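Student: I'd like to ask you about the structure that follows.
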Amino acid sequence: KQEVTQIPAALSVPEGENLVLNCSFTDSAIYNLQWFRQDPGKGLTSLLLIQSSQREQTSGRLNASLDKSSGRSTLYIAASQPGDSATYLCAVRPWTGANSKLTFGKGITLSVRP
Amino acid sequence: ETGVTQTPRHLVMGMTNKKSLKCEQHLGHNAMYWYKQSAKKPLELMFVYSLEERVENNSVPSRFSPECPNSSHLFLHLHTLQPEDSALYLCASSQGADSGTEAFFGQGTRLTVV
């Protein structure tokens with residue numbers, strides 16, 4: 001059974017700092033991995049999707065990497081801003097078809113202090 | 001705006017009530033999902049519909065009844081719920097196999113059972 005772990009559960013950093021959010025998963029047979037952002041009481045916003053054959057994806061100040069063999073992904077946020085404060089979730093889709101379920105971590109709640 | 005719309009955004013219902021949650025996607029996707037997000041737990045997949053057919057039911061109690069009348073609409077019918085069913089219910093959609101299958105989420109319905 002796939003398990004996704006995100007540690008720590010919460011993180012507080014000063015504005016301007018570069019930071020790395022970690023995600024680990026137990027079964028490396030994944031189809032893709034997706035990072036989401038969730039603001040309090042809101043839905044999920046997709047940030048980056050990495051296919052199993054890819055090593056990284058970039059969007060603006062965000063860079064996500066994937067090391068499938070070691071079961072790890074990182075989300076790098078450059079020059080953090082207070083507006084980045086949110087919960088960041090990673091989710092993996094197993095290699096059994098597109099309609100199979102995403103398995104989520106519990107998320108990392110990030111607070112960026114002005 | 002992600003292209004996935006959920007209504008209502010908030011719902012308070014008694015344990016003997018019957019209500020329905022609605023989800024609509026304007027992305028041309030052929031797979032739709034219901035997830036439950038409870039406090040301090042990972043998102044839990046409840047139901048998956050592909051091409052309007054239910055392809056997965058993740059051991060969800062029968063007091064939750066999904067309906068997918070067409071590929072753009074998904075409902076979750078609720079009856080005789082329990083207080084522990086209070087949670088954020090999220091709808092998502094994705095395209096079928098072989099296309100990257102990025103999942104897009106709605107803003108969720110915050111359900112409180114009293």
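Letters A, B, ... go to the chains of the structure tokens in the order shown; residues in each chain start at 1; ligands are counted from 1 in the same order.
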Please, which residues in chain B fall within 7 Å of chain A when counting only C-alpha atoms, and what is the closest atom pair and distance in Å to one decimal for each, ordered by chain then residue number, as CSV?

Tutor:
```
residue,atom,partner,partner_atom,distance
B:Ala31,CA,A:Asn99,CA,6.7
B:Lys40,CA,A:Lys106,CA,7.0
B:Lys41,CA,A:Lys106,CA,5.9
B:Pro42,CA,A:Lys106,CA,4.4
B:Leu43,CA,A:Phe104,CA,6.0
B:Leu45,CA,A:Lys101,CA,6.8
B:Ser50,CA,A:Asn99,CA,6.9
B:Leu90,CA,A:Gly43,CA,6.8
B:Gly96,CA,A:Ala98,CA,5.8
B:Ala97,CA,A:Ala98,CA,4.7
B:Thr101,CA,A:Ala98,CA,6.0
B:Glu102,CA,A:Leu49,CA,6.6
B:Phe104,CA,A:Ser46,CA,6.5
B:Phe105,CA,A:Leu44,CA,5.5
B:Gly106,CA,A:Gly43,CA,5.5
B:Gln107,CA,A:Gly43,CA,3.7
B:Gly108,CA,A:Gly43,CA,5.3
```

Student: Would you put the residues from that selection into a file with C-alpha atoms, as a compact mmCIF listing (two decimals), in the first residue's frame?

Tutor:
```txt
# COMPACT_ATOMS: atom_id res chain seq x y z
CA ALA B 31 -12.83 11.30 -15.10
CA LYS B 40 -5.21 16.39 10.34
CA LYS B 41 -5.74 13.52 7.88
CA PRO B 42 -4.61 13.05 4.29
CA LEU B 43 -7.21 13.47 1.58
CA LEU B 45 -10.56 9.18 -2.15
CA SER B 50 -14.60 7.37 -15.67
CA LEU B 90 -13.50 18.09 -2.72
CA GLY B 96 -8.15 9.81 -19.20
CA ALA B 97 -5.13 7.62 -19.78
CA THR B 101 -3.53 13.15 -16.04
CA GLU B 102 -3.07 16.31 -14.07
CA PHE B 104 -7.78 19.74 -11.05
CA PHE B 105 -9.76 20.39 -7.89
CA GLY B 106 -12.76 22.50 -7.02
CA GLN B 107 -12.92 24.84 -4.03
CA GLY B 108 -14.72 22.27 -1.93
```

Student: Please identify which residues in chain A DSSP calls strand (DSSP E or B) from the backbone, and express them as JSON, numbers by chain.

Tutor: {"A": [4, 5, 10, 11, 12, 13, 14, 19, 20, 21, 22, 23, 24, 25, 30, 31, 32, 33, 34, 35, 36, 37, 38, 44, 45, 46, 47, 48, 49, 50, 51, 56, 57, 58, 59, 62, 63, 64, 65, 66, 67, 72, 73, 74, 75, 76, 77, 86, 87, 88, 89, 90, 91, 92, 93, 94, 103, 104, 108, 109, 110, 111, 112, 113]}

Student: Have a look at CA of Glu84 (chain B) and CA of Thr109 (chain A) and let me know their distance in Å, one decimal.

Tutor: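 A separation of 23.6 Å between them.
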
Student: What does the distance from CA of Thr7 (chain B) to CA of Phe47 (chain B) come to in Å, to one decimal?

Tutor: 17.7 Å

Student: Between CA of Arg61 (chain A) and CA of Glu15 (chain A), what is the distance in Å, rounded to a tenth?

Tutor: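 So the answer is 13.7 Å.
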
Student: Ranking B:Phe75, B:Val4, B:Phe64, B:Thr112 by minimum distance to Ala87 (chain B) and counting only C-alpha atoms, which one comes first?

Tutor: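 Of all the options, B:Thr112 lies closest to Ala87 (chain B).
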